[in-house]
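Q: Before anything else, here's the structure in question.
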Amino acid sequence: MKRSCYCGELGVDDVGREVVLEGWVNRRRDHGGVTFVDLRDREGLVQVVFSPEVDSSVHEKAKEIRDEYVLRVRGTVTRRPPGTENPKLRTGEVEVVAREVEVLNASRTLPFKLDNPEVTEEVRLKYRFLDLRRPEMQKIMRFRYRAAMATREYLDSLGFIDVETPFLTKSTPEGARDYLVPSRVNPGKFYALPQSPQLFKQILMVAGFDRYYQIVKCFRDEDLRADRQPEFTQIDLEMSFVEREDVMEVVEGIMRTLFRLIDVELPEKFPVISYQEAMLKYGIDRPDTRFGMFIQDISRLFESTEFIPFKETLRKGGTIRGFKAPGGAVFSRKELDNWGKRALEFGAKGLISIKVTDQGLQSNLLKYLSLGEVEGLKEAFEVQEGDAVFLVADEGPIAAETLGRLRLEVAQALGLVPEDAYAPLWVVDFPLLEWDKDEHRYVAVHHPFTSPMDEDLPLLDTDPLKVRAKAYDVVLNGQEIGGGSIRIHKKDIQKKIFELLHIGEEEARIKFGFLLDALEYGAPPHGGIALGFDRVIAILTKAESIREVIAFPKTQKAQCLMTGAPSSVAEAQLKELRLKLTVSPDKN
RNA sequence: GGGGUCGUAGCUCAGCCCGGUUAGAGCGCCGGCCUGUCACGUCGGAGGUCGUGGGUUCAAGUCCCAUCGGCCCCGCCA
């Protein structure tokens with residue numbers, strides 16, 4: 001007996017058909033006389049009726065059936081008696097009258113009911129095989145697959161080809177902590193799992209493939225977050241003979257393709273904002289542009305202020321910035337105090353809040369300000385009754401970060417973040433380098449293979465921190481969902497960057513010798529990007545964390561609750577790898 | 001490495017502030033009854049190392065300390 005169709009596909013057109021169904025028992029309702037079983041497979045549910053009038057032995061057999069038993073049922077599709085249709089079920093107009101039933105497997109009592117949406121994530125992850133059986137999870141996994149397919153089809157149509165790159169590769173300095181894999185045949189040596197296929201895709205460009213892509217796992221041994229897993233999936237691509245705009249166009253196409261899957265039409269071109277402007281207006285390099293509340297620099301208003309804290313801040317080269325929270329006057333005294341505390345946590349020395357009431361502006365600050373300054377404030381923020389204004393006087397970067405975070409939390413608290421809006425944008429003109437205080441050297445903001453802007457090349461010798469990179473990030477609703485750059489394709493520039501990063505010639509030769517070699521054999525100009533596939537899927541499915549869109553995710557302690565990984569290994573395995581532990585794995 | 005929060009029946013939670021009978025509820029589970037339910041109904045029943053270890057106390061689910069684990073965040077994440 002072979003399955004003839006899926007449960008969830010049956011309808012009135014099938015009335016009269018004899019079918020063979022295989023699936024799980026979603027629920028059993030035993031009325032003593034007649035027993036109903038909702039049978040579920042990946043396509044949905046259908047009600048199966050076990051009636052003593054049809055076959056008493058089949059009806060008897062139905063008594064032993066429990067939740068999540070696996071059944072094979074042969075029966076006849078019939079129209080339900082008038083008045084017993086179930087409009088909540090896609091198959092609710094029909095039912096299958098069982099003529100033969102076989103229990104293919106029993107099931108223990110479940111640790112949780114599959115349709116209970118309240119189960120904790122911990123329990124779900126431990127019994128992930130049951131959790132994934134839930135229609136919601138099946139839907140997400142299928143969506144993820146469709147998104148991957150759509151990406152492949154789109155990139156294929158543009159002439160990209162998928163080339164696999166190694167997972168057992170070489171540890172790269174810079175960037176995240178590597179996951180290491182010991183090499184048995186090379187005792188004492190290790191592979192690293194790739195943080196990204198970065199160098200390989202550049203090599204593929206040198207090799208003349210012109211357009212490469214891969215939907216590929218990447219590994220980074222860093223602490224986890226709702227949007228960060230130690231292994232995650234990227235849509236990775238690289239193109240030859242291109243400028244930044246060419247890469248952007250491809251990414252915009254991918255994003256539009258993906259969002260059409262949820263019937264959202266993204267703009268043809270995404271807005272572009274410079275890193276500098278993003279930091280000023282939003283206080284963050286991945287602005288959420290679904291709502292306004294721009295940060296403004298109002299330092300000029302207070303050039304000759306008598307208010308000592310402002311005066312001092314400005315004298316030391318700091319700034320006075322703030323934003324208006326529309327409707328923020330609803331915040332109570334206590335709530336405003338709490339925002340002040342948040343500002344302290346974010347690193348500012350303080351927060352000034354101003355309410356706009358029918359009596360005019362209301363704040364401790366006002367008595368210290370001149371009439372002109374008060375008027376200037378009103379004008380700068382175009383305040384209306386019911387608004388609140390938050391100000392920070394501090395060093396530029398601190399003011400930016402504090403206000404940037406506050407802006408997000410305040411908007412959330414006031415319900416000003418539209419849930420169904422999607423606001424993609426590009427952030428460009430990142431600095432190439434930043435100074436690392438601890439390591440006492442420059443480090444790459446993006447990565448060491450990112451090309452400097454042509455016009456900034458002379459600054460490499462005079463003022464490296466001023467050099468801008470040909471780098472770009474895609475940001476969506478305040479989340480960084482991808483980043484890339486035009487790469488260095490000339491050996492002399494690459495060498496110079498390594499020098500600035502304090503990667504010596506010898507070290508560079510050992511670590512990136514193959515890349516430097518490749519750059520000497522006719523490397524074309526090239527660039528690319530990687531998109532965080534899990535993050536995009538999470539946004540598309542409105543998931544709270546990327547764990548919801550990964551079949552087998554890890555907990556914050558980077559453990560798999562289902563398999564128990566990571567775990568200790570046999571002494572013999574360690575010996576074979578010539579490894580000695582300095583710690584007992586059971587402790588810590 | 002740090003801050004916050006949670007951990008009590010199979011699941012979700014109440015009890016903890018303010019220590020004191022036999023630790024409760026809903027759902028699930030088991031058994032009986034029930035021929036049109038679909039969150040079936042109904043009657044009865046079973047089920048607990050209160051995360052773990054230590055301490056305070058005549059007495060600890062409740063107070064204190066440590067520790068383990070889930071989640072959120074900071075640091076970290078080229």
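Following the order of the structure tokens, first chain is A, next is B, and so on, with residues numbered from 1 inside each chain and ligands from 1 in the order they appear.
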Using only C-alpha atoms (C1' of nucleotides) and a cut-off of 8 Å, which residues of chain B sit close to chain A? Please list them as a VMD selection string.
A: chain B and resid 10 to 12 28 to 29 34 to 38 40 70 76 to 78
Q: Restrict the selected residues to C-alpha atoms (C1' of nucleotides) and save them as a PDB file, in the first residue's frame.
A:
```pdb
ATOM      1  C1'   G B  10       5.409  16.254  31.244  1.00  0.00           C
ATOM      2  C1'   C B  11       4.221  21.782  29.612  1.00  0.00           C
ATOM      3  C1'   U B  12       2.913  26.974  31.117  1.00  0.00           C
ATOM      4  C1'   G B  28      -1.337  17.346  29.179  1.00  0.00           C
ATOM      5  C1'   C B  29      -1.198  12.049  30.953  1.00  0.00           C
ATOM      6  C1'   C B  34     -20.145   8.999  25.558  1.00  0.00           C
ATOM      7  C1'   U B  35     -22.124   7.933  17.466  1.00  0.00           C
ATOM      8  C1'   G B  36     -20.635  14.175  14.720  1.00  0.00           C
ATOM      9  C1'   U B  37     -16.515  16.190  17.328  1.00  0.00           C
ATOM     10  C1'   C B  38     -12.716  19.446  15.645  1.00  0.00           C
ATOM     11  C1'   C B  40     -15.131  17.438  22.066  1.00  0.00           C
ATOM     12  C1'   G B  70      17.837  29.399  29.357  1.00  0.00           C
ATOM     13  C1'   C B  76      33.694  41.079  21.623  1.00  0.00           C
ATOM     14  C1'   C B  77      31.756  40.216  16.448  1.00  0.00           C
ATOM     15  C1'   A B  78      38.004  42.389  10.063  1.00  0.00           C
TER      16        A B  78
END
```
Q: Show which residues sit within 10 Å of Ile203 of chain A, as a VMD selection string. Count only C-alpha atoms (C1' of nucleotides), and ignore same-chain residues fewer than 5 positions away.
A: chain A and resid 198 208 to 209 514 to 515 518 to 519 523
Q: Out of segment 51-146 of chain A, which residues get strand (DSSP E or B) from DSSP, as a list of chain:residue names?
A: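 Here are the strand (DSSP E or B) residues of segment 51-146 of chain A: A:Val70, A:Leu71, A:Arg72, A:Val73, A:Arg74, A:Gly75, A:Thr76, A:Val77, A:Thr78, A:Arg79, A:Val94, A:Glu95, A:Val96, A:Val97, A:Ala98, A:Arg99, A:Glu100, A:Val101, A:Glu102, A:Val103, A:Leu104, A:Asn105.
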Q: So that I can see what lies close to Glu434 of chain A, please list as a list of chain:residue names the residues with an atom at most 10 Å from it, counting only C-alpha atoms (C1' of nucleotides) and leaving out residues fewer than 2 positions away in the same chain.
A: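 Everything that qualifies: A:Pro431, A:Leu432, A:Asp436, A:Lys437, A:Arg441, A:Tyr442, A:Val443, A:Ala444, A:Val445, A:His446, A:Pro464, A:Leu465, A:Lys466, A:Val467, A:Leu501.
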Q: For those residues, write all heavy atoms to a file as a tab-separated table (two decimals), in the first residue's frame.
A:
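As a result, again_39.tsv now contains:
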```
chain	number	residue	atom	x	y	z
A	431	PRO	N	35.55	54.87	7.22
A	431	PRO	CA	37.01	55.01	7.31
A	431	PRO	C	37.66	53.66	7.03
A	431	PRO	O	37.07	52.61	7.31
A	431	PRO	CB	37.23	55.45	8.76
A	431	PRO	CG	35.96	55.23	9.49
A	431	PRO	CD	34.86	55.11	8.48
A	432	LEU	N	38.86	53.70	6.44
A	432	LEU	CA	39.57	52.46	6.13
A	432	LEU	C	40.14	51.84	7.40
A	432	LEU	O	40.10	50.63	7.58
A	432	LEU	CB	40.72	52.76	5.14
A	432	LEU	CG	41.49	51.54	4.64
A	432	LEU	CD1	40.67	50.76	3.63
A	432	LEU	CD2	42.82	51.96	4.04
A	436	ASP	N	43.64	51.15	17.27
A	436	ASP	CA	43.34	50.25	18.37
A	436	ASP	C	44.21	50.61	19.56
A	436	ASP	O	45.43	50.45	19.52
A	436	ASP	CB	43.60	48.79	17.93
A	436	ASP	CG	43.11	47.79	18.97
A	436	ASP	OD1	43.43	47.97	20.16
A	436	ASP	OD2	42.40	46.84	18.59
A	437	LYS	N	43.56	51.10	20.60
A	437	LYS	CA	44.30	51.60	21.78
A	437	LYS	C	45.07	50.46	22.46
A	437	LYS	O	46.19	50.63	22.88
A	437	LYS	CB	43.31	52.22	22.78
A	437	LYS	CG	42.85	53.61	22.36
A	437	LYS	CD	42.17	54.35	23.51
A	437	LYS	CE	40.76	53.93	23.77
A	437	LYS	NZ	39.65	54.31	23.01
A	441	ARG	N	47.99	49.96	17.45
A	441	ARG	CA	48.23	49.94	16.00
A	441	ARG	C	46.93	50.21	15.28
A	441	ARG	O	45.85	50.21	15.89
A	441	ARG	CB	48.79	48.58	15.57
A	441	ARG	CG	47.80	47.45	15.80
A	441	ARG	CD	48.31	46.11	15.32
A	441	ARG	NE	47.28	45.08	15.45
A	441	ARG	CZ	46.63	44.54	14.40
A	441	ARG	NH1	46.92	44.89	13.18
A	441	ARG	NH2	45.69	43.64	14.61
A	442	TYR	N	47.05	50.45	13.97
A	442	TYR	CA	45.84	50.59	13.17
A	442	TYR	C	45.22	49.22	12.93
A	442	TYR	O	45.94	48.23	12.82
A	442	TYR	CB	46.17	51.21	11.80
A	442	TYR	CG	46.66	52.63	11.89
A	442	TYR	CD1	47.99	52.94	11.56
A	442	TYR	CD2	45.80	53.65	12.27
A	442	TYR	CE1	48.44	54.25	11.62
A	442	TYR	CE2	46.25	54.96	12.33
A	442	TYR	CZ	47.57	55.25	12.01
A	442	TYR	OH	48.00	56.54	12.08
A	443	VAL	N	43.90	49.16	12.90
A	443	VAL	CA	43.25	47.93	12.46
A	443	VAL	C	42.26	48.29	11.34
A	443	VAL	O	41.77	49.43	11.28
A	443	VAL	CB	42.48	47.20	13.60
A	443	VAL	CG1	43.46	46.66	14.64
A	443	VAL	CG2	41.48	48.12	14.25
A	444	ALA	N	41.99	47.33	10.49
A	444	ALA	CA	41.08	47.58	9.37
A	444	ALA	C	39.65	47.64	9.90
A	444	ALA	O	39.23	46.80	10.68
A	444	ALA	CB	41.20	46.46	8.34
A	445	VAL	N	38.91	48.65	9.50
A	445	VAL	CA	37.50	48.73	9.90
A	445	VAL	C	36.72	47.60	9.22
A	445	VAL	O	35.91	46.94	9.86
A	445	VAL	CB	36.91	50.10	9.52
A	445	VAL	CG1	35.39	50.11	9.69
A	445	VAL	CG2	37.54	51.19	10.38
A	446	HIS	N	36.97	47.38	7.95
A	446	HIS	CA	36.27	46.32	7.22
A	446	HIS	C	37.16	45.07	7.23
A	446	HIS	O	37.00	44.21	8.06
A	446	HIS	CB	35.95	46.80	5.81
A	446	HIS	CG	35.07	45.86	5.04
A	446	HIS	ND1	33.86	45.41	5.53
A	446	HIS	CD2	35.22	45.29	3.82
A	446	HIS	CE1	33.32	44.59	4.64
A	446	HIS	NE2	34.13	44.50	3.60
A	464	PRO	N	46.54	58.50	8.05
A	464	PRO	CA	45.83	57.26	7.68
A	464	PRO	C	44.38	57.20	8.18
A	464	PRO	O	43.53	56.60	7.53
A	464	PRO	CB	46.67	56.16	8.35
A	464	PRO	CG	48.02	56.77	8.50
A	464	PRO	CD	47.80	58.23	8.75
A	465	LEU	N	44.11	57.81	9.34
A	465	LEU	CA	42.75	57.72	9.87
A	465	LEU	C	41.76	58.48	9.01
A	465	LEU	O	40.54	58.27	9.11
A	465	LEU	CB	42.71	58.25	11.31
A	465	LEU	CG	43.39	57.35	12.34
A	465	LEU	CD1	43.41	58.01	13.71
A	465	LEU	CD2	42.72	55.99	12.41
A	466	LYS	N	42.24	59.39	8.17
A	466	LYS	CA	41.36	60.18	7.30
A	466	LYS	C	41.02	59.44	6.01
A	466	LYS	O	40.16	59.88	5.25
A	466	LYS	CB	42.04	61.51	6.95
A	466	LYS	CG	42.04	62.52	8.09
A	466	LYS	CD	41.06	63.66	7.79
A	466	LYS	CE	40.72	64.44	9.05
A	466	LYS	NZ	41.90	65.17	9.57
A	467	VAL	N	41.72	58.34	5.76
A	467	VAL	CA	41.51	57.62	4.51
A	467	VAL	C	40.15	56.92	4.53
A	467	VAL	O	39.82	56.22	5.48
A	467	VAL	CB	42.61	56.56	4.29
A	467	VAL	CG1	42.35	55.76	3.03
A	467	VAL	CG2	43.97	57.23	4.24
A	501	LEU	N	48.98	48.14	9.04
A	501	LEU	CA	48.33	47.27	10.02
A	501	LEU	C	49.35	46.55	10.89
A	501	LEU	O	48.99	45.72	11.73
A	501	LEU	CB	47.46	46.23	9.30
A	501	LEU	CG	46.25	46.77	8.53
A	501	LEU	CD1	45.57	45.66	7.77
A	501	LEU	CD2	45.27	47.45	9.47
```
Q: Looking only at helix (DSSP H, G or I) from DSSP on the backbone, list the matching residues of segment 394-582 of chain A as a PyMOL selection string.
A: chain A and resi 396-413+454-456+459-462+464-466+491-500+505-519+533-540+546-549+571-576
Q: Could you give me, as a list in words, the residues within 8 Å of Ser196 of chain A, counting only C-alpha atoms (C1' of nucleotides) and dropping anything in the same chain fewer than 6 positions from it?
A: Lys217, Cys218 and Phe219 of chain A
Q: Take the selection from the previous step and output its residues with C-alpha atoms, as a PDB file, in the first residue's frame.
A:
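Now in part_2.pdb:
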```
ATOM      1  CA  LYS A 217      28.356  28.724   6.160  1.00  0.00           C
ATOM      2  CA  CYS A 218      30.799  30.961   7.979  1.00  0.00           C
ATOM      3  CA  PHE A 219      32.253  30.430  11.451  1.00  0.00           C
TER       4      PHE A 219
END
```
Q: Could you check the closest approach to Gln479 of chain A for each of A:Ser451, A:Leu351, A:Glu571, A:Asp288 and tell me which residue wins, using only C-alpha atoms?
A: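 Of all the options, A:Asp288 lies closest to Gln479 of chain A.
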